[in-house]
>>> print(open('input_21.txt').read())   # compact mmCIF, C-alpha atoms
# COMPACT_ATOMS: atom_id res chain seq x y z
CA MET A 108 -111.58 -104.30 51.08
CA ALA A 109 -112.99 -107.49 52.50
CA GLN A 110 -116.09 -108.95 50.92
CA ILE A 111 -118.79 -110.31 53.20
CA VAL A 112 -120.08 -113.48 51.59
CA GLU A 113 -122.56 -114.45 54.29
CA LYS A 114 -124.69 -111.86 56.05
CA ILE A 115 -123.88 -111.56 59.75
CA ASP A 116 -125.10 -109.44 62.65
CA THR A 117 -123.52 -106.01 62.92
CA TYR A 118 -123.35 -103.13 65.37
CA THR A 119 -122.37 -99.49 65.18
CA ILE A 120 -119.14 -98.35 66.78
CA GLY A 121 -120.71 -94.98 67.57
CA LYS A 122 -118.61 -92.25 69.13
CA SER A 123 -114.98 -92.24 68.07
CA ARG A 124 -113.65 -93.05 71.51
CA GLU A 125 -116.31 -95.49 72.59
CA ARG A 126 -114.93 -98.57 74.32
CA ILE A 127 -115.38 -101.68 72.22
CA ASP A 128 -115.33 -104.84 74.30
CA CYS A 129 -117.21 -108.03 74.89
CA GLU A 130 -119.44 -106.97 77.77
CA ARG A 131 -122.53 -106.10 75.73
CA SER A 132 -124.72 -108.93 74.46
CA PHE A 133 -123.69 -110.05 71.00
CA LYS A 134 -125.13 -112.66 68.74
CA ILE A 135 -123.40 -113.96 65.64
CA ARG A 136 -123.57 -117.02 63.47
CA PRO A 137 -120.35 -119.09 63.38
CA VAL A 138 -118.04 -117.78 60.68
CA ARG A 139 -114.68 -118.85 59.32
CA TRP A 140 -112.12 -116.22 58.46
CA GLU A 141 -109.59 -116.99 55.77
CA ILE A 142 -106.80 -115.06 54.07
CA SER A 143 -106.87 -114.76 50.30
CA PRO A 144 -103.62 -114.44 48.29
CA MET A 145 -104.31 -110.68 48.15
CA GLN A 146 -104.16 -110.50 51.97
CA SER A 147 -107.82 -109.54 52.36
CA PRO A 148 -110.07 -111.48 54.74
CA ARG A 149 -113.26 -113.04 53.56
CA ILE A 150 -116.03 -114.50 55.66
CA GLN A 151 -117.55 -117.85 54.87
CA LEU A 152 -120.35 -119.60 56.70
CA LEU A 153 -118.96 -122.54 58.63
CA GLU A 154 -120.54 -125.89 58.06
CA THR A 155 -121.02 -127.86 61.23
CA GLN A 156 -118.07 -130.24 61.25
CA GLU A 157 -116.11 -131.65 64.15
CA ASN A 158 -112.75 -130.04 64.90
CA GLU A 159 -113.34 -127.29 62.30
CA GLU A 160 -111.17 -124.27 63.03
CA TYR A 161 -112.65 -120.81 63.32
CA ARG A 162 -109.99 -118.25 62.60
CA PHE A 163 -109.07 -114.76 61.55
CA GLY A 164 -105.59 -115.01 60.11
CA ARG A 165 -103.61 -116.66 62.89
CA ILE A 166 -106.17 -115.99 65.63
CA ILE A 167 -108.43 -118.88 66.56
CA GLY A 168 -111.76 -118.75 68.36
CA ARG A 169 -115.37 -119.82 67.92
CA SER A 170 -116.72 -118.15 71.06
CA PRO A 171 -119.04 -115.18 70.54
CA ALA A 172 -116.43 -112.94 72.21
CA MET A 173 -113.76 -113.87 69.67
CA GLN A 174 -116.16 -113.76 66.72
CA ARG A 175 -116.96 -110.21 67.68
CA ILE A 176 -113.29 -109.30 67.95
CA PHE A 177 -112.80 -110.71 64.44
CA GLN A 178 -115.46 -108.31 63.18
CA ILE A 179 -113.84 -105.36 64.95
CA ILE A 180 -110.44 -106.19 63.44
CA GLU A 181 -111.92 -106.29 59.96
CA ARG A 182 -113.66 -102.96 60.42
CA VAL A 183 -110.74 -101.02 61.87
CA ALA A 184 -107.97 -102.56 59.72
CA PRO A 185 -108.60 -100.55 56.52
CA GLY A 186 -108.41 -97.18 58.31
CA ASN A 187 -105.78 -95.26 60.25
CA ALA A 188 -107.52 -94.96 63.61
CA THR A 189 -105.28 -95.48 66.63
CA VAL A 190 -106.12 -98.69 68.49
CA LEU A 191 -105.63 -99.53 72.17
CA ILE A 192 -105.70 -103.27 72.92
CA SER A 193 -106.23 -104.25 76.54
CA GLY A 194 -106.21 -107.64 78.22
CA ARG A 195 -104.31 -109.89 80.59
CA THR A 196 -100.89 -111.29 79.81
CA GLY A 197 -101.06 -114.12 77.31
CA THR A 198 -104.40 -113.23 75.73
CA GLY A 199 -102.86 -112.42 72.33
CA LYS A 200 -102.61 -108.62 72.17
CA GLU A 201 -99.60 -108.55 69.85
CA MET A 202 -101.23 -111.10 67.55
CA VAL A 203 -104.32 -108.87 67.24
CA ALA A 204 -102.09 -105.90 66.44
CA ARG A 205 -100.31 -107.88 63.73
CA GLU A 206 -103.59 -109.00 62.17
CA ILE A 207 -104.83 -105.39 62.05
CA HIS A 208 -101.62 -104.51 60.21
CA CYS A 209 -101.71 -107.53 57.89
CA HIS A 210 -105.29 -106.80 56.82
CA SER A 211 -104.67 -103.11 56.23
CA PRO A 212 -103.41 -101.19 53.19
CA ARG A 213 -100.11 -100.93 55.12
CA ALA A 214 -99.54 -104.71 55.06
CA SER A 215 -96.58 -104.51 52.67
CA LYS A 216 -94.85 -101.93 54.88
CA PRO A 217 -92.98 -102.55 58.16
CA PHE A 218 -94.61 -103.66 61.40
CA VAL A 219 -92.35 -102.40 64.20
CA ASP A 220 -93.04 -103.70 67.71
CA ILE A 221 -91.68 -101.99 70.82
CA ASN A 222 -91.76 -103.34 74.36
CA CYS A 223 -91.99 -100.12 76.36
CA GLY A 224 -90.97 -101.89 79.56
CA ALA A 225 -87.68 -102.97 77.96
CA LEU A 226 -86.66 -99.63 76.43
CA PRO A 227 -83.25 -98.57 77.85
CA GLU A 228 -83.94 -95.37 79.81
CA GLN A 229 -80.85 -93.50 78.61
CA LEU A 230 -81.31 -94.39 74.95
CA ALA A 231 -85.12 -94.57 74.72
CA GLU A 232 -85.55 -91.25 72.90
CA SER A 233 -82.82 -92.12 70.43
CA GLU A 234 -84.35 -95.55 69.83
CA LEU A 235 -87.75 -94.05 69.03
CA PHE A 236 -86.82 -90.87 67.17
CA GLY A 237 -83.23 -91.45 66.01
CA HIS A 238 -80.28 -89.11 66.48
CA GLN A 239 -77.89 -86.90 64.57
CA ARG A 240 -74.19 -87.54 64.41
CA GLY A 241 -72.47 -86.03 67.45
CA ALA A 242 -75.74 -85.63 69.39
CA PHE A 243 -74.15 -87.37 72.37
CA THR A 244 -71.06 -89.36 73.29
CA GLY A 245 -70.86 -92.41 71.07
CA ALA A 246 -73.15 -91.00 68.35
CA THR A 247 -70.59 -91.39 65.57
CA GLU A 248 -73.17 -91.40 62.79
CA THR A 249 -76.72 -90.32 62.10
CA LYS A 250 -79.24 -93.04 62.90
CA LYS A 251 -82.90 -93.46 62.06
CA GLY A 252 -85.28 -94.23 64.92
CA LEU A 253 -88.08 -96.77 65.04
CA PHE A 254 -90.68 -94.24 63.88
CA GLU A 255 -88.73 -93.64 60.67
CA THR A 256 -88.20 -97.38 60.28
CA ALA A 257 -91.96 -97.89 60.48
CA HIS A 258 -92.72 -95.14 57.93
CA GLY A 259 -95.71 -96.19 55.82
CA GLY A 260 -96.48 -99.08 58.16
CA THR A 261 -97.52 -99.72 61.75
CA ILE A 262 -95.73 -99.13 65.05
CA PHE A 263 -96.89 -101.21 68.02
CA PHE A 264 -96.25 -100.10 71.61
CA ASP A 265 -96.58 -103.07 73.96
CA GLU A 266 -96.90 -102.35 77.69
CA ILE A 267 -97.63 -98.72 76.85
CA GLN A 268 -98.30 -97.98 80.52
CA ALA A 269 -94.53 -98.45 81.17
CA LEU A 270 -93.55 -95.55 78.89
CA LYS A 271 -91.65 -92.85 80.80
CA PRO A 272 -93.47 -89.51 81.33
CA GLU A 273 -91.08 -87.52 79.13
CA LEU A 274 -91.57 -90.00 76.29
CA GLN A 275 -95.33 -89.88 76.78
CA ALA A 276 -95.21 -86.15 76.00
CA LYS A 277 -93.13 -86.74 72.86
CA LEU A 278 -95.42 -89.55 71.67
CA LEU A 279 -98.41 -87.26 72.16
CA ARG A 280 -96.76 -84.69 69.88
CA VAL A 281 -96.20 -87.32 67.19
CA LEU A 282 -99.86 -88.37 67.35
CA GLN A 283 -101.01 -84.77 67.13
CA GLU A 284 -98.65 -83.38 64.50
CA ARG A 285 -97.34 -86.49 62.72
CA VAL A 286 -93.75 -85.21 62.90
CA ILE A 287 -90.66 -86.27 64.84
CA ARG A 288 -87.33 -84.62 65.60
CA ARG A 289 -84.16 -86.66 65.98
CA VAL A 290 -82.06 -86.21 69.10
CA GLY A 291 -79.66 -83.38 68.34
CA GLY A 292 -81.58 -82.44 65.20
CA ARG A 293 -83.18 -79.11 64.29
CA GLU A 294 -85.62 -80.16 61.61
CA ASN A 295 -89.01 -81.78 61.96
CA LEU A 296 -89.43 -84.94 59.89
CA GLY A 297 -92.87 -86.07 58.76
CA VAL A 298 -93.83 -89.66 59.52
CA ASP A 299 -96.71 -91.71 58.17
CA VAL A 300 -97.37 -94.46 60.68
CA ARG A 301 -100.35 -96.09 62.30
CA VAL A 302 -100.01 -96.39 66.07
CA ILE A 303 -101.35 -99.40 67.95
CA ALA A 304 -100.77 -99.73 71.69
CA ALA A 305 -101.44 -102.50 74.20
CA THR A 306 -101.65 -102.74 77.96
CA ASN A 307 -102.12 -105.58 80.44
CA GLN A 308 -103.01 -103.20 83.25
CA ASP A 309 -105.84 -100.84 84.12
CA ILE A 310 -104.57 -97.78 82.28
CA VAL A 311 -107.52 -95.68 83.48
CA ASP A 312 -106.33 -96.30 87.03
CA ALA A 313 -102.83 -95.17 85.97
CA VAL A 314 -104.37 -91.97 84.59
CA ASP A 315 -106.24 -91.37 87.86
CA LYS A 316 -102.99 -91.81 89.80
CA GLY A 317 -101.15 -89.39 87.55
CA GLU A 318 -98.83 -92.10 86.21
CA PHE A 319 -100.08 -91.84 82.63
CA ARG A 320 -101.01 -88.70 80.72
CA GLU A 321 -104.75 -88.30 80.31
CA ASP A 322 -104.41 -86.49 76.97
CA LEU A 323 -102.23 -89.29 75.60
CA TYR A 324 -104.75 -91.87 76.81
CA TYR A 325 -107.53 -90.21 74.82
CA ARG A 326 -105.30 -90.00 71.75
CA LEU A 327 -104.56 -93.73 71.97
CA ASN A 328 -108.03 -94.85 72.96
CA VAL A 329 -109.81 -94.08 69.68
CA VAL A 330 -110.78 -97.74 69.33
CA ASN A 331 -110.41 -100.04 72.34
CA ILE A 332 -110.32 -103.81 71.79
CA PHE A 333 -110.67 -105.82 74.99
CA LEU A 334 -109.41 -109.43 74.91
CA PRO A 335 -111.13 -111.79 77.35
CA GLU A 336 -109.24 -114.29 79.46
CA LEU A 337 -109.19 -117.89 78.23
CA ARG A 338 -111.35 -119.08 81.14
CA GLU A 339 -114.06 -116.70 79.88
CA ARG A 340 -114.14 -118.44 76.47
CA ARG A 341 -113.72 -122.10 77.33
CA GLU A 342 -115.36 -123.22 74.09
CA ASP A 343 -112.13 -122.16 72.35
CA ILE A 344 -109.84 -124.40 74.40
CA SER A 345 -110.35 -127.60 72.39
CA LEU A 346 -109.77 -125.73 69.11
CA LEU A 347 -106.57 -124.22 70.46
CA ILE A 348 -105.33 -127.60 71.69
CA ASP A 349 -105.86 -129.11 68.24
CA HIS A 350 -104.11 -126.13 66.62
CA PHE A 351 -101.10 -126.39 68.93
CA LEU A 352 -100.79 -130.14 68.37
CA LYS A 353 -100.56 -129.46 64.63
CA ARG A 354 -98.07 -126.63 65.17
CA PHE A 355 -95.76 -128.92 67.15
CA GLY A 356 -95.96 -131.65 64.50
CA ALA A 357 -98.10 -133.90 66.68
CA GLU A 358 -101.32 -134.01 64.67
CA THR A 359 -101.40 -137.81 64.99
CA ARG A 360 -101.32 -137.58 68.78
CA GLN A 361 -104.19 -136.88 71.14
CA PHE A 362 -104.79 -136.31 74.83
CA SER A 363 -106.39 -138.97 76.96
CA LEU A 364 -109.91 -138.26 78.14
CA ASP A 365 -108.70 -137.55 81.68
CA ALA A 366 -106.03 -135.15 80.41
CA MET A 367 -108.52 -133.42 78.12
CA ARG A 368 -110.97 -133.00 80.95
CA LEU A 369 -108.26 -131.39 83.06
CA LEU A 370 -107.27 -129.05 80.22
CA LEU A 371 -110.88 -128.02 79.62
CA SER A 372 -111.57 -127.31 83.29
CA SER A 373 -108.36 -125.45 84.22
CA ASP A 374 -108.52 -121.70 84.88
CA TRP A 375 -105.42 -120.83 82.79
CA PRO A 376 -104.16 -117.73 84.61
CA GLY A 377 -101.50 -117.42 81.88
CA ASN A 378 -104.22 -117.63 79.23
CA VAL A 379 -103.48 -118.86 75.68
CA ARG A 380 -99.73 -118.65 76.21
CA GLU A 381 -99.92 -120.99 79.21
CA LEU A 382 -102.11 -123.44 77.29
CA GLU A 383 -99.65 -123.40 74.39
CA ASN A 384 -96.74 -124.11 76.75
CA ALA A 385 -98.69 -126.95 78.38
CA VAL A 386 -99.37 -128.62 75.03
CA GLU A 387 -95.75 -128.20 73.93
CA HIS A 388 -94.55 -129.65 77.25
CA ALA A 389 -96.79 -132.68 76.80
CA CYS A 390 -95.58 -133.23 73.23
CA ALA A 391 -91.95 -133.06 74.39
CA ILE A 392 -92.39 -135.32 77.43
CA GLY A 393 -94.99 -137.80 76.19
CA SER A 394 -93.71 -140.99 74.55
CA GLY A 395 -96.84 -142.41 72.94
CA LEU A 396 -99.61 -141.35 70.63
CA THR A 397 -101.85 -140.70 73.64
CA LEU A 398 -100.73 -137.86 75.90
CA LYS A 399 -101.60 -138.41 79.55
CA ILE A 400 -102.04 -136.21 82.61
CA SER A 401 -98.52 -137.15 83.70
CA ASP A 402 -97.18 -135.60 80.48
CA LEU A 403 -98.56 -132.18 81.40
CA PRO A 404 -96.55 -129.58 83.37
CA PRO A 405 -96.28 -130.39 87.11
CA HIS A 406 -98.34 -127.37 88.18
CA LEU A 407 -101.26 -128.69 86.12
CA CYS A 408 -100.90 -132.22 87.41
CA GLY A 409 -101.09 -130.78 90.93
CA ARG A 410 -104.53 -129.42 90.23
CA VAL A 411 -105.93 -132.93 89.89
CA GLY A 412 -105.59 -133.50 93.61
CA LYS A 413 -107.39 -130.26 94.38
CA MET A 414 -110.20 -131.14 91.99
CA GLY A 415 -110.45 -134.71 93.16
CA ALA A 416 -109.65 -137.64 90.93
CA VAL A 417 -110.55 -137.03 87.34
CA LYS A 418 -113.17 -139.62 86.52
CA PRO A 419 -112.68 -141.59 83.32
CA LEU A 420 -115.41 -141.11 80.75
CA GLY A 421 -115.38 -144.65 79.45
CA LYS A 422 -114.95 -145.37 75.75
CA MET A 423 -113.38 -142.90 73.32
CA ARG A 424 -115.70 -139.93 72.77
CA THR A 425 -115.71 -136.70 70.78
CA LEU A 426 -114.75 -133.37 72.38
CA ASP A 427 -118.39 -132.28 72.11
CA GLU A 428 -119.41 -135.35 74.10
CA ILE A 429 -116.79 -134.59 76.76
CA GLU A 430 -118.08 -131.02 77.02
CA ARG A 431 -121.71 -132.19 77.19
CA ARG A 432 -121.00 -134.70 79.97
CA HIS A 433 -118.99 -132.12 81.92
CA ILE A 434 -121.80 -129.55 81.72
CA LEU A 435 -124.37 -132.14 82.87
CA PHE A 436 -122.04 -133.18 85.70
CA ILE A 437 -121.74 -129.58 86.93
CA LEU A 438 -125.52 -129.09 86.70
CA GLU A 439 -126.04 -132.25 88.75
CA GLU A 440 -123.50 -131.11 91.37
CA THR A 441 -125.19 -127.69 91.66
CA GLY A 442 -128.70 -129.09 91.92
CA ASP A 443 -129.59 -127.76 88.44
CA ASN A 444 -128.72 -124.21 89.52
CA HIS A 445 -127.96 -122.63 86.15
CA VAL A 446 -126.53 -119.45 87.64
CA ARG A 447 -124.04 -121.32 89.81
CA ALA A 448 -123.23 -123.81 87.04
CA ALA A 449 -122.43 -120.99 84.62
CA GLU A 450 -120.09 -119.42 87.21
CA ILE A 451 -118.24 -122.71 87.72
CA LEU A 452 -117.96 -123.33 83.97
CA GLY A 453 -116.67 -119.80 83.42
CA ILE A 454 -119.37 -118.87 80.91
CA ASP A 455 -122.45 -116.66 81.02
CA ARG A 456 -125.96 -118.08 81.33
CA ARG A 457 -126.80 -117.32 77.71
CA THR A 458 -123.86 -119.46 76.57
CA LEU A 459 -124.93 -122.23 78.96
CA TYR A 460 -128.48 -122.23 77.58
CA ARG A 461 -127.15 -122.26 74.03
CA LYS A 462 -124.99 -125.28 74.80
CA LEU A 463 -127.87 -127.10 76.49
CA ASP A 464 -130.06 -126.52 73.43
CA LYS A 465 -127.23 -127.82 71.25
CA TYR A 466 -126.89 -131.05 73.22
CA LYS A 467 -130.61 -131.86 73.51
>>> encode(input="input_21.txt", output="structure tokens")
Amino acid sequence: MAQIVEKIDTYTIGKSRERIDCERSFKIRPVRWEISPMQSPRIQLLETQENEEYRFGRIIGRSPAMQRIFQIIERVAPGNATVLISGRTGTGKEMVAREIHCHSPRASKPFVDINCGALPEQLAESELFGHQRGAFTGATETKKGLFETAHGGTIFFDEIQALKPELQAKLLRVLQERVIRRVGGRENLGVDVRVIAATNQDIVDAVDKGEFREDLYYRLNVVNIFLPELRERREDISLLIDHFLKRFGAETRQFSLDAMRLLLSSDWPGNVRELENAVEHACAIGSGLTLKISDLPPHLCGRVGKMGAVKPLGKMRTLDEIERRHILFILEETGDNHVRAAEILGIDRRTLYRKLDKYK
């Protein structure tokens, strides 16, 4: 069980199927999440240092939205509640699922991930539940399915909305009774697994259209973790860039001020995955210690023309200084309209005011 070293703000989850997301106001002091050798997270108060990483396991983020998600992960990890993770492509749904598993009592057992959209239609049931020898043509031996493989651990259904209706009914039975039956088998086999599912679509809309079983939705949606898009947590971009540079062995390299300004202001429709690819592209293409706009993927370079020329910021400055100057520039362009400035920056007004207080 994780030990909370520094007191932080908390909230009550409430009803078992209450949606947990980042829409309600949430205030938290910056915290750093680390993994001890015993695989339990501990929280330590972050000292204010430049380029300090805020993380929970492998997930990085200092924005209030991500800090709150870190708290949710810690609270749900020790239990067995089914979790539904929702968010756009590239926001890190599988990574959240893995961290829930890694910080749970099931961490030493298997984590089995399934892409529901890639399950072969003819063999999907056999893949999930296994089959007996002679159950169908080609079944020359008895085979365990993925549920049996995950016994004692966690099974993760990615793109759960793509699961075929007949498999939805069988998954519902597993969630209700905790038993499976192999294809061609006559006996029920007990399974001890935690189920985590993820979707990048509006699954409630799929329920309304009759494309997804309502009863299965409620079984999956015990705890709902909503992952915001990267443009909604821009304060995490510089941390992620630094992390990716280290991952690609380029910790001695840095982006030029113009390139950094472009990276900080882009909308990132592909979210964290697109940012990661952009940094890797620059590391592969760039030839010097300073990575320039021309080293970024062509589709990003094309945005410079739409934005207008990226103005140099003069001498070398810290990322905080770049952010401060960009915020002041947007406020000047909007006539000090804080509502409009917050919209352009992709943050809420509370975050804008907090940043302005920070840079006074």
>>> closest_atom_pairs(input="input_21.txt", of="segment 264-376 of chain A", to="segment 173-186 of chain A", cutoff="12 Å", atoms="all atoms listed in the file", output="Markdown table")
| residue | atom | partner | partner_atom | distance |
| --- | --- | --- | --- | --- |
| A:Val300 | CA | A:Gly186 | CA | 11.6 |
| A:Arg301 | CA | A:Gly186 | CA | 9.1 |
| A:Val302 | CA | A:Gly186 | CA | 11.5 |
| A:Ile303 | CA | A:Ala184 | CA | 11.0 |
| A:Val329 | CA | A:Val183 | CA | 10.5 |
| A:Val330 | CA | A:Val183 | CA | 8.1 |
| A:Asn331 | CA | A:Ile179 | CA | 9.7 |
| A:Ile332 | CA | A:Ile176 | CA | 7.3 |
| A:Phe333 | CA | A:Ile176 | CA | 8.3 |
| A:Leu334 | CA | A:Ile176 | CA | 8.0 |
| A:Pro335 | CA | A:Met173 | CA | 8.4 |
| A:Glu336 | CA | A:Met173 | CA | 10.8 |
| A:Leu337 | CA | A:Met173 | CA | 10.5 |
| A:Glu339 | CA | A:Met173 | CA | 10.6 |
| A:Arg340 | CA | A:Met173 | CA | 8.2 |
| A:Arg341 | CA | A:Met173 | CA | 11.2 |
| A:Glu342 | CA | A:Met173 | CA | 10.5 |
| A:Asp343 | CA | A:Met173 | CA | 8.9 |
>>> closest_residue(input="input_21.txt", among="A:Val281, A:Ile348, A:Leu426, A:Leu235", to="Val298 of chain A", atoms="only C-alpha atoms")
A:Val281
>>> residues_around(input="input_21.txt", residues="Glu201 of chain A", least_positions_apart="5", cutoff="10 Å", atoms="all atoms listed in the file", output="CSV table (one decimal) with C-alpha atoms, keeping the file's coordinate frame")
chain,number,residue,atom,x,y,z
A,192,ILE,CA,-105.7,-103.3,72.9
A,206,GLU,CA,-103.6,-109.0,62.2
A,207,ILE,CA,-104.8,-105.4,62.0
A,220,ASP,CA,-93.0,-103.7,67.7
A,263,PHE,CA,-96.9,-101.2,68.0
A,264,PHE,CA,-96.2,-100.1,71.6
A,265,ASP,CA,-96.6,-103.1,74.0
A,303,ILE,CA,-101.4,-99.4,68.0
A,304,ALA,CA,-100.8,-99.7,71.7
A,305,ALA,CA,-101.4,-102.5,74.2
>>> atom_distance(input="input_21.txt", atom1="atom CA of Ile454 of chain A", atom2="atom CA of Ser345 of chain A")
15.2 Å
>>> residues_around(input="input_21.txt", residues="Gly291 of chain A", least_positions_apart="6", cutoff="10 Å", atoms="all atoms listed in the file", output="PDB file with C-alpha atoms, in the coordinates of the input")
ATOM      1  CA  SER A 233     -82.820 -92.120  70.430  1.00  0.00           C
ATOM      2  CA  GLY A 237     -83.230 -91.450  66.010  1.00  0.00           C
ATOM      3  CA  HIS A 238     -80.280 -89.110  66.480  1.00  0.00           C
ATOM      4  CA  GLN A 239     -77.890 -86.900  64.570  1.00  0.00           C
ATOM      5  CA  ARG A 240     -74.190 -87.540  64.410  1.00  0.00           C
ATOM      6  CA  GLY A 241     -72.470 -86.030  67.450  1.00  0.00           C
ATOM      7  CA  ALA A 242     -75.740 -85.630  69.390  1.00  0.00           C
ATOM      8  CA  PHE A 243     -74.150 -87.370  72.370  1.00  0.00           C
ATOM      9  CA  THR A 249     -76.720 -90.320  62.100  1.00  0.00           C
TER      10      THR A 249
END
>>> residues_around(input="input_21.txt", residues="Ala391 of chain A", least_positions_apart="4", cutoff="10 Å", atoms="all atoms listed in the file", output="list in words")
Phe355, Ala357, Ala385, Val386, Glu387, Asp402 and Leu403 of chain A
>>> closest_residue(input="input_21.txt", among="A:Leu398, A:Cys209, A:Ile392, A:Leu382", to="Arg360 of chain A", atoms="only C-alpha atoms")
A:Leu398
>>> axis_aligned_box(input="input_21.txt", around="segment 340-354 of chain A", padding_each_side="4 Å", output="JSON")
{"center_x": -106.7, "center_y": -124.3, "center_z": 71.0, "size_x": 25.3, "size_y": 19.7, "size_z": 20.7}
>>> closest_residue(input="input_21.txt", among="A:Leu463, A:Ile434, A:Ala246, A:Val203", to="Val290 of chain A", atoms="all atoms listed in the file")
A:Ala246
>>> residues_around(input="input_21.txt", residues="Gly453 of chain A", least_positions_apart="3", cutoff="7 Å", atoms="only C-alpha atoms", output="list of chain:residue names")
A:Arg338, A:Glu339, A:Ala449, A:Glu450
>>> closest_residue(input="input_21.txt", among="A:Leu346, A:Ile310, A:Asp299, A:Ala188", to="Arg169 of chain A", atoms="all atoms listed in the file")
A:Leu346
>>> residues_around(input="input_21.txt", residues="Glu430 of chain A", least_positions_apart="2", cutoff="10 Å", atoms="all atoms listed in the file", output="PyMOL selection string")
chain A and resi 341-342+345+367-368+371-372+425-428+432-436+462+466
>>> atom_distance(input="input_21.txt", atom1="atom CA of Gly164 of chain A", atom2="atom CA of Val190 of chain A")
18.4 Å
>>> decode(input="input_21.txt", residues="segment 221-234 of chain A", atoms="C-alpha atoms", output="mmCIF file, in the first residue's frame")
data_model
loop_
_atom_site.group_PDB
_atom_site.id
_atom_site.type_symbol
_atom_site.label_atom_id
_atom_site.label_comp_id
_atom_site.auth_asym_id
_atom_site.auth_seq_id
_atom_site.Cartn_x
_atom_site.Cartn_y
_atom_site.Cartn_z
ATOM 1 C CA ILE A 221 -5.887 -7.225 -26.529
ATOM 2 C CA ASN A 222 -6.633 -4.928 -29.449
ATOM 3 C CA CYS A 223 -10.318 -5.657 -30.027
ATOM 4 C CA GLY A 224 -10.211 -4.069 -33.470
ATOM 5 C CA ALA A 225 -7.529 -6.543 -34.582
ATOM 6 C CA LEU A 226 -9.122 -9.749 -33.272
ATOM 7 C CA PRO A 227 -9.662 -12.179 -36.193
ATOM 8 C CA GLU A 228 -13.441 -12.594 -36.468
ATOM 9 C CA GLN A 229 -13.390 -16.360 -37.033
ATOM 10 C CA LEU A 230 -10.946 -17.100 -34.229
ATOM 11 C CA ALA A 231 -11.842 -14.341 -31.739
ATOM 12 C CA GLU A 232 -13.711 -16.614 -29.320
ATOM 13 C CA SER A 233 -10.916 -19.168 -29.372
ATOM 14 C CA GLU A 234 -8.322 -16.446 -28.797
#
